[in-house]
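J.: So that you have it, the file is entry07.txt, and it contains compact mmCIF, C-alpha atoms:
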# COMPACT_ATOMS: atom_id res chain seq x y z
CA MET A 22 10.67 -22.14 10.79
CA PRO A 23 9.95 -18.74 9.24
CA ARG A 24 7.73 -16.23 10.96
CA ILE A 25 4.84 -15.45 8.66
CA VAL A 26 2.40 -12.58 8.33
CA VAL A 27 -0.82 -14.04 6.92
CA VAL A 28 -3.34 -11.76 5.23
CA TYR A 29 -6.49 -13.16 6.83
CA SER A 30 -9.83 -11.73 5.76
CA GLY A 31 -11.94 -14.23 7.65
CA GLY A 32 -13.10 -15.92 4.44
CA LEU A 33 -12.69 -19.55 3.36
CA ASP A 34 -9.39 -19.22 1.50
CA SER A 35 -7.46 -17.20 4.07
CA PHE A 36 -9.01 -19.20 6.94
CA THR A 37 -7.61 -22.34 5.34
CA LEU A 38 -4.29 -20.63 4.61
CA LEU A 39 -3.86 -19.45 8.20
CA ASN A 40 -4.61 -22.91 9.56
CA HIS A 41 -2.38 -24.55 6.95
CA SER A 42 0.55 -22.34 8.01
CA MET A 43 -0.08 -23.11 11.69
CA ASP A 44 -0.27 -26.82 10.87
CA LEU A 45 3.18 -26.54 9.26
CA GLY A 46 4.48 -25.22 12.58
CA HIS A 47 5.05 -21.61 11.52
CA GLU A 48 4.75 -18.74 13.91
CA VAL A 49 1.89 -16.74 12.39
CA PHE A 50 0.96 -13.06 12.56
CA PRO A 51 -2.51 -12.68 11.08
CA ILE A 52 -3.48 -9.26 9.72
CA THR A 53 -6.85 -8.11 8.45
CA PHE A 54 -7.96 -4.90 6.76
CA ASP A 55 -11.08 -2.85 7.09
CA TYR A 56 -11.07 -1.03 3.77
CA GLY A 57 -14.67 0.01 3.98
CA GLN A 58 -16.36 -3.19 2.92
CA LYS A 59 -20.14 -2.86 3.08
CA HIS A 60 -20.18 -5.13 6.13
CA LYS A 61 -17.79 -6.32 8.83
CA LYS A 62 -18.96 -9.95 9.06
CA GLU A 63 -15.69 -11.39 7.71
CA ILE A 64 -13.62 -9.30 10.12
CA SER A 65 -15.70 -10.33 13.12
CA TYR A 66 -15.33 -13.98 12.09
CA ALA A 67 -11.55 -13.43 11.87
CA GLU A 68 -11.52 -11.82 15.32
CA ASP A 69 -13.53 -14.62 16.87
CA PHE A 70 -11.30 -17.34 15.44
CA CYS A 71 -8.08 -15.60 16.54
CA GLN A 72 -9.49 -15.15 20.03
CA ASP A 73 -10.27 -18.88 20.16
CA GLU A 74 -6.71 -19.69 19.07
CA SER A 75 -5.04 -17.03 21.26
CA LEU A 76 -3.57 -15.36 18.19
CA ALA A 77 -3.02 -11.62 18.12
CA LEU A 78 -4.96 -10.38 15.10
CA LYS A 79 -3.75 -7.06 13.73
CA VAL A 80 -6.79 -5.15 12.44
CA VAL A 81 -5.94 -2.14 10.28
CA ASP A 82 -8.61 0.43 9.46
CA ILE A 83 -7.84 1.75 6.00
CA THR A 84 -11.36 3.00 5.30
CA GLU A 85 -9.91 6.37 4.30
CA ILE A 86 -8.40 4.91 1.15
CA ASN A 87 -11.90 4.50 -0.25
CA SER A 88 -11.50 8.00 -1.57
CA LEU A 89 -9.07 6.35 -4.04
CA LEU A 90 -11.25 3.39 -4.81
CA LYS A 91 -14.21 4.29 -6.92
CA GLY A 92 -16.16 2.05 -9.23
CA SER A 93 -16.31 -1.05 -7.05
CA ALA A 94 -19.48 -2.74 -5.90
CA LEU A 95 -17.77 -3.82 -2.67
CA THR A 96 -17.20 -0.29 -1.45
CA ASP A 97 -19.54 1.93 -3.44
CA ASN A 98 -23.27 2.03 -3.48
CA ILE A 99 -23.54 -0.32 -6.46
CA GLU A 100 -25.60 -3.49 -6.27
CA VAL A 101 -23.50 -6.59 -5.60
CA PRO A 102 -23.89 -8.77 -8.68
CA LYS A 103 -25.45 -12.21 -8.28
CA GLY A 104 -23.96 -15.19 -10.02
CA HIS A 105 -20.71 -16.98 -10.58
CA TYR A 106 -17.28 -15.39 -10.10
CA GLU A 107 -16.34 -16.09 -13.68
CA ASP A 108 -19.19 -13.99 -15.03
CA GLU A 109 -18.28 -10.69 -16.67
CA SER A 110 -20.52 -8.87 -14.17
CA MET A 111 -18.14 -9.79 -11.34
CA LYS A 112 -15.57 -7.36 -12.70
CA THR A 113 -17.42 -4.67 -10.74
CA THR A 114 -16.12 -6.33 -7.54
CA VAL A 115 -12.54 -5.39 -8.41
CA VAL A 116 -11.11 -2.72 -6.09
CA PRO A 117 -8.25 -0.97 -7.92
CA ASN A 118 -4.85 -2.25 -6.84
CA ARG A 119 -6.30 -3.80 -3.70
CA ASN A 120 -3.84 -6.62 -3.20
CA MET A 121 -0.80 -4.44 -3.73
CA ILE A 122 -2.11 -2.05 -1.06
CA LEU A 123 -2.78 -4.88 1.39
CA ILE A 124 0.51 -6.64 0.66
CA SER A 125 2.51 -3.43 1.03
CA MET A 126 1.02 -2.91 4.49
CA ALA A 127 1.40 -6.55 5.47
CA THR A 128 5.06 -6.23 4.42
CA ALA A 129 5.53 -3.20 6.69
CA TYR A 130 4.03 -5.28 9.50
CA ALA A 131 6.38 -8.15 8.64
CA VAL A 132 9.36 -5.80 8.97
CA THR A 133 8.05 -4.63 12.35
CA VAL A 134 7.49 -8.12 13.82
CA ASN A 135 10.66 -9.53 12.23
CA ALA A 136 8.76 -11.95 10.01
CA GLU A 137 10.40 -13.26 6.84
CA GLU A 138 7.33 -13.91 4.71
CA VAL A 139 3.90 -12.55 3.83
CA TRP A 140 1.30 -15.08 2.70
CA TYR A 141 -2.02 -14.31 1.05
CA GLY A 142 -4.79 -16.47 -0.26
CA ALA A 143 -4.85 -15.81 -4.01
CA HIS A 144 -5.91 -18.95 -5.87
CA GLY A 145 -6.56 -20.32 -9.33
CA GLY A 146 -10.24 -19.41 -9.38
CA ASP A 147 -9.40 -15.73 -9.02
CA HIS A 148 -7.05 -15.53 -12.00
CA ALA A 149 -9.64 -14.76 -14.64
CA ILE A 150 -11.10 -11.74 -12.88
CA TYR A 151 -8.41 -10.38 -10.57
CA PRO A 152 -5.07 -9.41 -12.15
CA ASP A 153 -3.54 -9.09 -8.68
CA CYS A 154 -4.27 -12.75 -7.91
CA ARG A 155 -2.24 -14.08 -10.87
CA PRO A 156 1.13 -15.84 -10.52
CA GLU A 157 2.71 -13.10 -12.63
CA PHE A 158 1.68 -10.49 -10.07
CA VAL A 159 2.80 -12.59 -7.10
CA ASN A 160 6.23 -13.03 -8.70
CA LYS A 161 6.61 -9.33 -9.41
CA ILE A 162 5.45 -8.09 -6.02
CA ASN A 163 7.69 -10.67 -4.33
CA GLU A 164 10.69 -9.31 -6.23
CA ALA A 165 9.77 -5.81 -5.06
CA THR A 166 9.31 -6.72 -1.37
CA LEU A 167 12.66 -8.53 -1.41
CA VAL A 168 14.45 -5.21 -2.09
CA ALA A 169 12.14 -2.62 -0.49
CA ASN A 170 13.53 -2.81 3.05
CA TYR A 171 16.69 -3.72 4.93
CA SER A 172 15.09 -7.06 5.72
CA PRO A 173 14.07 -8.94 2.56
CA ILE A 174 10.43 -10.06 2.80
CA SER A 175 9.06 -12.83 0.57
CA VAL A 176 5.48 -12.70 -0.64
CA LYS A 177 3.91 -16.10 -1.22
CA ALA A 178 0.53 -17.31 -2.38
CA PRO A 179 0.71 -21.01 -1.51
CA PHE A 180 -2.73 -21.71 -3.05
CA ILE A 181 -2.00 -19.90 -6.31
CA ASP A 182 -2.39 -23.03 -8.45
CA LEU A 183 -5.33 -24.49 -6.56
CA SER A 184 -9.03 -24.20 -7.21
CA LYS A 185 -11.48 -23.36 -4.42
CA HIS A 186 -12.46 -27.01 -3.91
CA GLU A 187 -8.81 -28.07 -3.69
CA ILE A 188 -8.22 -25.45 -0.99
CA LEU A 189 -11.28 -26.68 0.86
CA SER A 190 -9.99 -30.23 0.54
CA ILE A 191 -6.80 -29.22 2.40
CA GLY A 192 -8.86 -27.70 5.19
CA LEU A 193 -11.21 -30.64 5.46
CA LYS A 194 -8.22 -32.97 5.82
CA LEU A 195 -7.02 -30.71 8.66
CA GLY A 196 -10.46 -31.13 10.24
CA LEU A 197 -11.21 -27.39 10.15
CA ASP A 198 -14.58 -26.10 11.29
CA TYR A 199 -15.80 -24.00 8.37
CA SER A 200 -18.64 -22.53 10.38
CA LYS A 201 -15.84 -20.18 11.52
CA ALA A 202 -15.21 -18.81 8.02
CA TRP A 203 -17.53 -16.21 6.45
CA THR A 204 -17.71 -15.93 2.67
CA CYS A 205 -20.96 -14.17 1.72
CA TYR A 206 -20.74 -10.74 0.08
CA GLU A 207 -23.95 -9.70 1.80
CA GLY A 208 -23.58 -8.89 5.51
CA LYS A 209 -26.84 -10.30 6.79
CA GLU A 210 -27.45 -12.51 9.83
CA LEU A 211 -27.19 -15.63 7.64
CA ALA A 212 -25.18 -16.17 4.45
CA CYS A 213 -27.34 -15.56 1.36
CA GLY A 214 -26.33 -18.69 -0.58
CA VAL A 215 -26.79 -16.98 -3.95
CA CYS A 216 -24.04 -14.36 -4.37
CA GLY A 217 -20.97 -15.33 -6.41
CA SER A 218 -18.97 -16.00 -3.30
CA CYS A 219 -21.60 -18.25 -1.66
CA ALA A 220 -22.19 -20.08 -4.95
CA GLU A 221 -18.50 -20.90 -5.28
CA ARG A 222 -18.20 -22.02 -1.68
CA LEU A 223 -21.23 -24.31 -1.89
CA GLU A 224 -19.94 -25.75 -5.16
CA ALA A 225 -16.60 -26.51 -3.47
CA PHE A 226 -18.31 -28.37 -0.61
CA LYS A 227 -20.39 -30.32 -3.14
CA ILE A 228 -17.29 -31.38 -5.11
CA ASN A 229 -15.67 -32.53 -1.85
CA GLY A 230 -18.79 -34.52 -0.99
CA SER A 231 -19.02 -32.59 2.25
CA GLU A 232 -21.65 -30.44 3.90
CA ASP A 233 -21.03 -26.77 4.68
CA PRO A 234 -21.59 -26.29 8.44
CA LEU A 235 -22.46 -22.61 7.90
CA GLU A 236 -26.15 -21.65 8.06
CA TYR A 237 -27.72 -20.21 4.90
CA SER A 238 -30.93 -18.28 4.46
CA ASN A 239 -31.62 -19.83 1.03
CA MET B 8 0.68 13.39 -23.22
CA PRO B 9 0.25 10.89 -20.41
CA ARG B 10 -1.88 11.69 -17.38
CA ILE B 11 0.35 11.45 -14.32
CA VAL B 12 -0.29 10.92 -10.62
CA VAL B 13 2.54 12.70 -8.78
CA VAL B 14 3.32 11.75 -5.18
CA TYR B 15 3.73 15.25 -3.79
CA SER B 16 4.72 15.64 -0.16
CA GLY B 17 5.23 19.39 -0.29
CA GLY B 18 9.02 19.05 0.04
CA LEU B 19 11.73 20.29 -2.31
CA ASP B 20 12.08 17.14 -4.45
CA SER B 21 8.40 16.47 -5.09
CA PHE B 22 7.67 20.20 -5.49
CA THR B 23 10.27 20.27 -8.27
CA LEU B 24 8.96 17.01 -9.73
CA LEU B 25 5.37 18.27 -9.86
CA ASN B 26 6.42 21.50 -11.56
CA HIS B 27 8.74 19.62 -13.94
CA SER B 28 5.85 17.38 -15.04
CA MET B 29 3.57 20.40 -15.52
CA ASP B 30 6.31 22.14 -17.51
CA LEU B 31 6.44 19.10 -19.81
CA GLY B 32 2.74 19.64 -20.49
CA HIS B 33 1.43 16.60 -18.62
CA GLU B 34 -1.95 16.55 -16.96
CA VAL B 35 -1.03 16.04 -13.30
CA PHE B 36 -2.93 14.55 -10.38
CA PRO B 37 -0.99 15.34 -7.21
CA ILE B 38 -1.54 13.10 -4.20
CA THR B 39 -0.22 13.51 -0.68
CA PHE B 40 -0.34 11.27 2.36
CA ASP B 41 -0.83 12.02 6.02
CA TYR B 42 0.77 8.96 7.56
CA GLY B 43 1.07 10.49 11.01
CA GLN B 44 4.13 12.64 10.53
CA LYS B 45 4.88 14.64 13.67
CA HIS B 46 3.76 17.80 11.89
CA LYS B 47 1.62 18.78 8.89
CA LYS B 48 3.76 21.64 7.58
CA GLU B 49 4.68 19.84 4.34
CA ILE B 50 1.05 18.96 3.66
CA SER B 51 -0.15 22.52 4.26
CA TYR B 52 2.56 23.78 1.90
CA ALA B 53 1.35 21.25 -0.70
CA GLU B 54 -2.25 22.36 -0.22
CA ASP B 55 -1.36 26.04 -0.57
CA PHE B 56 0.63 25.49 -3.75
CA CYS B 57 -2.11 23.40 -5.37
CA GLN B 58 -4.69 26.01 -4.49
CA ASP B 59 -2.51 28.68 -6.15
CA GLU B 60 -2.22 26.52 -9.27
CA SER B 61 -5.88 25.40 -9.29
CA LEU B 62 -4.80 21.77 -9.01
CA ALA B 63 -6.98 19.25 -7.17
CA LEU B 64 -4.73 17.78 -4.47
CA LYS B 65 -5.83 14.39 -3.21
CA VAL B 66 -5.00 14.18 0.51
CA VAL B 67 -5.20 10.69 1.96
CA ASP B 68 -5.20 10.19 5.72
CA ILE B 69 -3.44 6.92 6.40
CA THR B 70 -2.56 7.71 10.01
CA GLU B 71 -4.05 4.37 11.05
CA ILE B 72 -1.19 2.46 9.43
CA ASN B 73 1.12 3.78 12.12
CA SER B 74 0.09 0.75 14.10
CA LEU B 75 2.25 -1.13 11.55
CA LEU B 76 5.11 1.32 11.54
CA LYS B 77 7.08 1.20 14.75
CA GLY B 78 10.68 2.22 15.26
CA SER B 79 10.72 5.36 13.13
CA ALA B 80 11.68 8.79 14.40
CA LEU B 81 9.25 10.40 11.94
CA THR B 82 6.19 8.81 13.46
CA ASP B 83 7.22 7.64 16.94
CA ASN B 84 8.25 9.65 19.91
CA ILE B 85 11.97 9.32 19.14
CA GLU B 86 14.14 12.41 18.80
CA VAL B 87 14.73 13.43 15.19
CA PRO B 88 18.47 13.04 14.62
CA LYS B 89 20.49 16.12 13.72
CA GLY B 90 23.09 15.99 11.00
CA HIS B 91 23.57 14.89 7.44
CA TYR B 92 21.37 12.37 5.65
CA GLU B 93 24.26 10.11 4.96
CA ASP B 94 24.99 9.63 8.66
CA GLU B 95 24.20 6.26 10.17
CA SER B 96 21.86 7.95 12.67
CA MET B 97 19.48 8.86 9.86
CA LYS B 98 18.46 5.22 9.52
CA THR B 99 15.97 5.89 12.32
CA THR B 100 13.99 8.02 9.86
CA VAL B 101 13.13 4.97 7.75
CA VAL B 102 9.44 4.02 7.92
CA PRO B 103 9.10 0.32 7.01
CA ASN B 104 7.98 -0.17 3.43
CA ARG B 105 6.79 3.41 3.18
CA ASN B 106 7.26 3.99 -0.51
CA MET B 107 5.60 0.73 -1.51
CA ILE B 108 2.56 1.67 0.58
CA LEU B 109 2.38 5.16 -0.93
CA ILE B 110 2.99 3.92 -4.48
CA SER B 111 0.36 1.19 -4.16
CA MET B 112 -2.21 3.80 -3.16
CA ALA B 113 -1.08 6.28 -5.80
CA THR B 114 -1.47 3.45 -8.32
CA ALA B 115 -5.06 2.81 -7.18
CA TYR B 116 -5.70 6.53 -7.65
CA ALA B 117 -4.09 6.36 -11.11
CA VAL B 118 -6.51 3.58 -12.08
CA THR B 119 -9.43 5.66 -10.81
CA VAL B 120 -8.50 8.86 -12.67
CA ASN B 121 -7.38 6.99 -15.81
CA ALA B 122 -3.76 8.08 -15.47
CA GLU B 123 -1.01 6.03 -17.10
CA GLU B 124 1.88 6.80 -14.79
CA VAL B 125 2.80 7.38 -11.15
CA TRP B 126 5.81 9.59 -10.47
CA TYR B 127 7.63 9.96 -7.19
CA GLY B 128 10.64 11.96 -6.12
CA ALA B 129 13.24 9.35 -5.16
CA HIS B 130 16.72 10.63 -5.98
CA GLY B 131 20.38 9.69 -5.82
CA GLY B 132 20.96 11.17 -2.36
CA ASP B 133 18.40 8.78 -0.85
CA HIS B 134 19.97 5.58 -2.16
CA ALA B 135 22.36 4.97 0.71
CA ILE B 136 19.73 5.10 3.43
CA TYR B 137 16.40 4.22 1.82
CA PRO B 138 16.16 0.88 -0.01
CA ASP B 139 12.81 1.93 -1.49
CA CYS B 140 14.43 4.91 -3.22
CA ARG B 141 16.92 2.79 -5.20
CA PRO B 142 16.68 2.15 -8.97
CA GLU B 143 16.37 -1.58 -8.25
CA PHE B 144 13.22 -0.98 -6.22
CA VAL B 145 11.73 1.42 -8.79
CA ASN B 146 12.25 -1.19 -11.52
CA LYS B 147 10.65 -3.97 -9.48
CA ILE B 148 7.64 -2.00 -8.30
CA ASN B 149 7.10 -0.72 -11.86
CA GLU B 150 7.00 -4.30 -13.12
CA ALA B 151 4.40 -5.10 -10.45
CA THR B 152 2.14 -2.11 -11.15
CA LEU B 153 2.22 -2.93 -14.86
CA VAL B 154 0.42 -6.23 -14.19
CA ALA B 155 -1.62 -5.49 -11.03
CA ASN B 156 -4.68 -4.01 -12.73
CA TYR B 157 -6.55 -4.10 -16.03
CA SER B 158 -4.87 -0.81 -16.89
CA PRO B 159 -1.07 -1.06 -16.78
CA ILE B 160 0.38 1.73 -14.62
CA SER B 161 4.05 2.72 -14.92
CA VAL B 162 5.95 3.89 -11.85
CA LYS B 163 8.71 6.36 -12.61
CA ALA B 164 11.25 8.22 -10.52
CA PRO B 165 12.55 10.80 -13.02
CA PHE B 166 15.13 12.17 -10.53
CA ILE B 167 16.49 8.75 -9.56
CA ASP B 168 20.00 9.47 -10.84
CA LEU B 169 20.15 13.08 -9.69
CA SER B 170 21.55 14.58 -6.52
CA LYS B 171 19.61 17.13 -4.49
CA HIS B 172 21.48 20.07 -6.00
CA GLU B 173 20.86 18.79 -9.54
CA ILE B 174 17.13 18.59 -8.80
CA LEU B 175 17.22 22.11 -7.40
CA SER B 176 19.05 23.25 -10.53
CA ILE B 177 16.14 22.02 -12.67
CA GLY B 178 13.69 23.96 -10.52
CA LEU B 179 15.77 27.13 -10.50
CA LYS B 180 15.92 27.02 -14.31
CA LEU B 181 12.11 26.78 -14.28
CA GLY B 182 12.05 29.88 -12.05
CA LEU B 183 10.28 28.07 -9.18
CA ASP B 184 9.63 29.88 -5.92
CA TYR B 185 11.12 27.58 -3.29
CA SER B 186 9.54 29.51 -0.45
CA LYS B 187 6.56 27.31 -1.39
CA ALA B 188 8.39 24.06 -0.55
CA TRP B 189 8.85 22.88 3.06
CA THR B 190 11.70 20.54 3.90
CA CYS B 191 12.41 20.74 7.65
CA TYR B 192 11.73 17.65 9.77
CA GLU B 193 10.72 19.87 12.69
CA GLY B 194 7.28 21.45 12.34
CA LYS B 195 7.95 24.83 13.88
CA GLU B 196 6.96 28.28 12.58
CA LEU B 197 10.33 28.60 10.80
CA ALA B 198 12.57 25.88 9.36
CA CYS B 199 15.27 24.87 11.84
CA GLY B 200 18.22 24.92 9.45
CA VAL B 201 20.07 22.16 11.30
CA CYS B 202 18.17 18.88 10.78
CA GLY B 203 19.46 16.54 8.07
CA SER B 204 16.79 17.69 5.68
CA CYS B 205 17.49 21.41 6.14
CA ALA B 206 21.26 20.82 5.95
CA GLU B 207 20.91 19.04 2.61
CA ARG B 208 18.62 21.72 1.21
CA LEU B 209 20.90 24.58 2.23
CA GLU B 210 23.91 22.72 0.78
CA ALA B 211 22.03 22.33 -2.53
CA PHE B 212 21.31 26.07 -2.72
CA LYS B 213 24.95 26.84 -1.92
CA ILE B 214 26.20 24.56 -4.71
CA ASN B 215 23.81 26.28 -7.12
CA GLY B 216 25.11 29.68 -6.02
CA SER B 217 21.57 30.63 -5.12
CA GLU B 218 19.85 31.84 -1.97
CA ASP B 219 17.05 29.86 -0.34
CA PRO B 220 13.99 32.14 -0.13
CA LEU B 221 12.62 30.16 2.85
CA GLU B 222 13.02 31.75 6.30
CA TYR B 223 15.15 29.88 8.85
CA SER B 224 15.35 30.28 12.60
CA ASN B 225 19.08 29.48 12.67
Reformat the file's structure so that it appears as C-alpha cells.
T.:
Amino acid sequence: MPRIVVVYSGGLDSFTLLNHSMDLGHEVFPITFDYGQKHKKEISYAEDFCQDESLALKVVDITEINSLLKGSALTDNIEVPKGHYEDESMKTTVVPNRNMILISMATAYAVTVNAEEVWYGAHGGDHAIYPDCRPEFVNKINEATLVANYSPISVKAPFIDLSKHEILSIGLKLGLDYSKAWTCYEGKELACGVCGSCAERLEAFKINGSEDPLEYSN
Amino acid sequence: MPRIVVVYSGGLDSFTLLNHSMDLGHEVFPITFDYGQKHKKEISYAEDFCQDESLALKVVDITEINSLLKGSALTDNIEVPKGHYEDESMKTTVVPNRNMILISMATAYAVTVNAEEVWYGAHGGDHAIYPDCRPEFVNKINEATLVANYSPISVKAPFIDLSKHEILSIGLKLGLDYSKAWTCYEGKELACGVCGSCAERLEAFKINGSEDPLEYSN
C-alpha cells in the first residue's frame, strides 16, 4: 500500500478524500495550509478530526505568500461573492497558482516522509472556474513531480471526474459524519448557508436525499 | 518585449541571468526567497544590487516551509560539505522539491504583475546533483504553468545548457561587477573560498582568464 500525503483543508471534498484513502488501507499523512484565509474555521475542523483519529496533521503557515497573491476575495479585503460556484462572480475567489504552490509543498513533505503519492481534492465542479483543478493540470503537475526529486512522487486527484454530490455519496456510504467538515467561506460561529460553497454543499445533500448534520444560521 | 519574473538569489548564476534579461530589454521583476538558509548574505547582496538599479525586489519569507524540508545541510544543522559540486557528498545540499516550490510562487507573482514568463538560473553544472535543474524538469514544469492559471506563464531556464564558466563569460562580456554577487555557502564576512560553491566560482573565473573581484578569506 502506498504512503500518501493528502492535502486536507478541512472542507467536504478533502474530508471525504482523506477518509476514502484511509478506507482503502493507505497510510496517510494529512497536510493543511494556512495561506491567510480570512478565517481559520476549516483548519480547526481539520485539526479536530485528525486529533480524533490520532493522525498527525502537518499545518504549514504560508501566510507570507499573500504578498504574491493579490486580487482574490479569499485573502484580500474584497467582499466574498454570494451565489453559485459556476457564476462569473466566483472568479474573484481564484488565488493565483494556488494549487501548484500547495502541491509543490505537499510533494516536498512526501519526499520527507517517504510517501509515494500526493492526493488532492480537485473535482468536476471546479473545472469551469479553477484552471488548476482540471485534469490537464493534474496530468502536467504529476509529470513534473515524477522528475523533480530523487524519489518520484505521483500527484493524483481521485475525484477529478466526480461532481460534489458524487463525492458526498462516497462519504455517505462510508458513514462519515459531515458535521466534522467545514465548507462555508464565511468564518462565523455557524455556516451561512448562502455563500457559493454552502449552496453547493446543501445542493449535494439534497441530491443524495440526505440531511446535512452541520448547523446553519440561515 | 515580455515582462519577466526572474528568480534572483543574489548568487553568480541568477545575478548574470537578471542582468542578461535586462540587457535584452525585458521589463524584469526580480523575486528572492528566504527559505531559512543558514545565512542571509545572498539576499542582502540581491537587495543591494536591486537598490542600485532601482528595481523593486520582491522578498518572500518562506522560512515556515522548513518544517517540510528535513535532511538538507542548507537548512538543517548539518555541516556544509567541502569540495566540488559533483562530489557525492553534495547531495546533502538538496532541499526536497525546492525549485518547484520557488517556481510555483514566482508563477503566482507573474500572474499578479501580468508577466508572461518566469526565468530561473538552472544550468548544466547542476544537472548531476539536482533533478529540479534538469531540462526534463524545466520542460514539465513549464507545461504545468502554461495551464495552471487563466494567463499562461512560461518557465524558462536560459542557461540550462551552459556550464558555470560559460555563464560567467556572458556576464563578463556585459561588463558586470561580480563583487555584487555572493556565492559562498558559509555566511561569514568574507567568502570562504573552499566550499563547493566557492570552488566552482573560482574555477569559472580561472577558465575565463579573469580575476574574481570578490574578497576571499582563503
J.: Please provide as a ChimeraX atom specification all residues within 10 Å of Ile86 in chain A, with the sequence filter that same-chain residues fewer than 4 positions apart are discarded (counting only C-alpha atoms).
T.: /A:56-57,82,90-91,122 /B:66-69,112,115-116
J.: Taking into account all atoms listed in the file, which residue in the set B:Asp219, B:Asp168, B:Asp20, B:Glu143 is nearest to chain A?
T.: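 The closest residue to chain A is B:Glu143.
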J.: So, counting only C-alpha atoms, which residue among B:Asp59, B:Asp41, B:Glu210, B:Glu150 is closest to chain A?
T.: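 Among B:Asp59, B:Asp41, B:Glu210, B:Glu150, it is B:Glu150 that comes nearest to chain A.
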J.: Tell me as a short mmCIF file (atom, residue, chain, number, x, y, z; two decimals) with C-alpha atoms, in the frame of the given file which residues belonging to chain A come within 9 Å of chain B, counting only C-alpha atoms.
T.:
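Ended up saving to iface-v5.cif:
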data_model
loop_
_atom_site.label_atom_id
_atom_site.label_comp_id
_atom_site.auth_asym_id
_atom_site.auth_seq_id
_atom_site.Cartn_x
_atom_site.Cartn_y
_atom_site.Cartn_z
CA LYS A 79 -3.75 -7.06 13.73
CA VAL A 81 -5.94 -2.14 10.28
CA ASP A 82 -8.61 0.43 9.46
CA ILE A 83 -7.84 1.75 6.00
CA THR A 84 -11.36 3.00 5.30
CA GLU A 85 -9.91 6.37 4.30
CA ILE A 86 -8.40 4.91 1.15
CA SER A 88 -11.50 8.00 -1.57
CA LEU A 89 -9.07 6.35 -4.04
CA LEU A 90 -11.25 3.39 -4.81
CA LYS A 91 -14.21 4.29 -6.92
CA GLY A 92 -16.16 2.05 -9.23
CA VAL A 116 -11.11 -2.72 -6.09
CA PRO A 117 -8.25 -0.97 -7.92
CA ASN A 118 -4.85 -2.25 -6.84
CA ARG A 119 -6.30 -3.80 -3.70
CA ASN A 120 -3.84 -6.62 -3.20
CA MET A 121 -0.80 -4.44 -3.73
CA ILE A 122 -2.11 -2.05 -1.06
CA LEU A 123 -2.78 -4.88 1.39
CA ILE A 124 0.51 -6.64 0.66
CA SER A 125 2.51 -3.43 1.03
CA MET A 126 1.02 -2.91 4.49
CA ALA A 127 1.40 -6.55 5.47
CA THR A 128 5.06 -6.23 4.42
CA ALA A 129 5.53 -3.20 6.69
CA TYR A 130 4.03 -5.28 9.50
CA ALA A 131 6.38 -8.15 8.64
CA VAL A 132 9.36 -5.80 8.97
CA THR A 133 8.05 -4.63 12.35
CA TYR A 151 -8.41 -10.38 -10.57
CA PRO A 152 -5.07 -9.41 -12.15
CA ASP A 153 -3.54 -9.09 -8.68
CA CYS A 154 -4.27 -12.75 -7.91
CA ARG A 155 -2.24 -14.08 -10.87
CA GLU A 157 2.71 -13.10 -12.63
CA PHE A 158 1.68 -10.49 -10.07
CA VAL A 159 2.80 -12.59 -7.10
CA ASN A 160 6.23 -13.03 -8.70
CA LYS A 161 6.61 -9.33 -9.41
CA ILE A 162 5.45 -8.09 -6.02
CA ASN A 163 7.69 -10.67 -4.33
CA GLU A 164 10.69 -9.31 -6.23
CA ALA A 165 9.77 -5.81 -5.06
CA THR A 166 9.31 -6.72 -1.37
CA LEU A 167 12.66 -8.53 -1.41
CA VAL A 168 14.45 -5.21 -2.09
CA ALA A 169 12.14 -2.62 -0.49
CA ASN A 170 13.53 -2.81 3.05
CA TYR A 171 16.69 -3.72 4.93
#
J.: For a test of reading the model, state the distance in Å between CA of Glu49 in chain B and CA of Phe54 in chain A, rounded to one decimal.
T.: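 Between CA of Glu49 in chain B and CA of Phe54 in chain A the gap works out to 27.9 Å.
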J.: Which of these, A:Val176, A:Lys62, A:Ile25, A:Thr204, has the shortest distance to Ala220 in chain A once you count all atoms listed in the file?
T.: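 Nearest candidate to Ala220 in chain A out of A:Val176, A:Lys62, A:Ile25, A:Thr204: A:Thr204.
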J.: When you count only C-alpha atoms, which of these residues is closest to Gly128 in chain B: B:Tyr15, B:Tyr185, B:Tyr192, B:Phe212?
T.: B:Tyr15
J.: Could you check how far CA of Cys216 in chain A sits from CA of Lys61 in chain A, in Å to one decimal?
T.: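 Atom-to-atom, CA of Cys216 in chain A to CA of Lys61 in chain A, that is 16.7 Å.
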J.: Around the point (-2.0, 12.8, -13.8) in the file's coordinates, collect all residues with an atom within 9 Å, using only C-alpha atoms, and return them as a PDB file with C-alpha atoms, in the coordinates of the input.
T.:
ATOM      1  CA  PRO B   9       0.250  10.890 -20.410  1.00  0.00           C
ATOM      2  CA  ARG B  10      -1.880  11.690 -17.380  1.00  0.00           C
ATOM      3  CA  ILE B  11       0.350  11.450 -14.320  1.00  0.00           C
ATOM      4  CA  VAL B  12      -0.290  10.920 -10.620  1.00  0.00           C
ATOM      5  CA  VAL B  13       2.540  12.700  -8.780  1.00  0.00           C
ATOM      6  CA  HIS B  33       1.430  16.600 -18.620  1.00  0.00           C
ATOM      7  CA  GLU B  34      -1.950  16.550 -16.960  1.00  0.00           C
ATOM      8  CA  VAL B  35      -1.030  16.040 -13.300  1.00  0.00           C
ATOM      9  CA  PHE B  36      -2.930  14.550 -10.380  1.00  0.00           C
ATOM     10  CA  PRO B  37      -0.990  15.340  -7.210  1.00  0.00           C
ATOM     11  CA  ALA B 117      -4.090   6.360 -11.110  1.00  0.00           C
ATOM     12  CA  VAL B 120      -8.500   8.860 -12.670  1.00  0.00           C
ATOM     13  CA  ASN B 121      -7.380   6.990 -15.810  1.00  0.00           C
ATOM     14  CA  ALA B 122      -3.760   8.080 -15.470  1.00  0.00           C
ATOM     15  CA  GLU B 123      -1.010   6.030 -17.100  1.00  0.00           C
ATOM     16  CA  GLU B 124       1.880   6.800 -14.790  1.00  0.00           C
ATOM     17  CA  VAL B 125       2.800   7.380 -11.150  1.00  0.00           C
TER      18      VAL B 125
END
J.: Please compute the CA of His186 in chain A-CA of Asn229 in chain A distance, one decimal, in Å.
T.: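 Answer for the CA of His186 in chain A to CA of Asn229 in chain A separation: 6.7 Å.
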J.: If I put a ball of radius 8 Å at (7.2, 21.1, 0.6) in the file's coordinates, which residues poke into it when counting only C-alpha atoms, written as a VMD selection string?
T.: chain B and resid 16 to 19 21 to 22 48 to 50 52 to 53 187 to 190
J.: Put range 57-61 of chain B into a file with C-alpha atoms, as a CSV table (one decimal), in the first residue's frame.
T.:
chain,number,residue,atom,x,y,z
B,57,CYS,CA,18.3,46.0,-6.9
B,58,GLN,CA,18.5,49.2,-4.9
B,59,ASP,CA,21.5,50.3,-7.1
B,60,GLU,CA,19.4,49.5,-10.2
B,61,SER,CA,16.1,51.0,-8.9
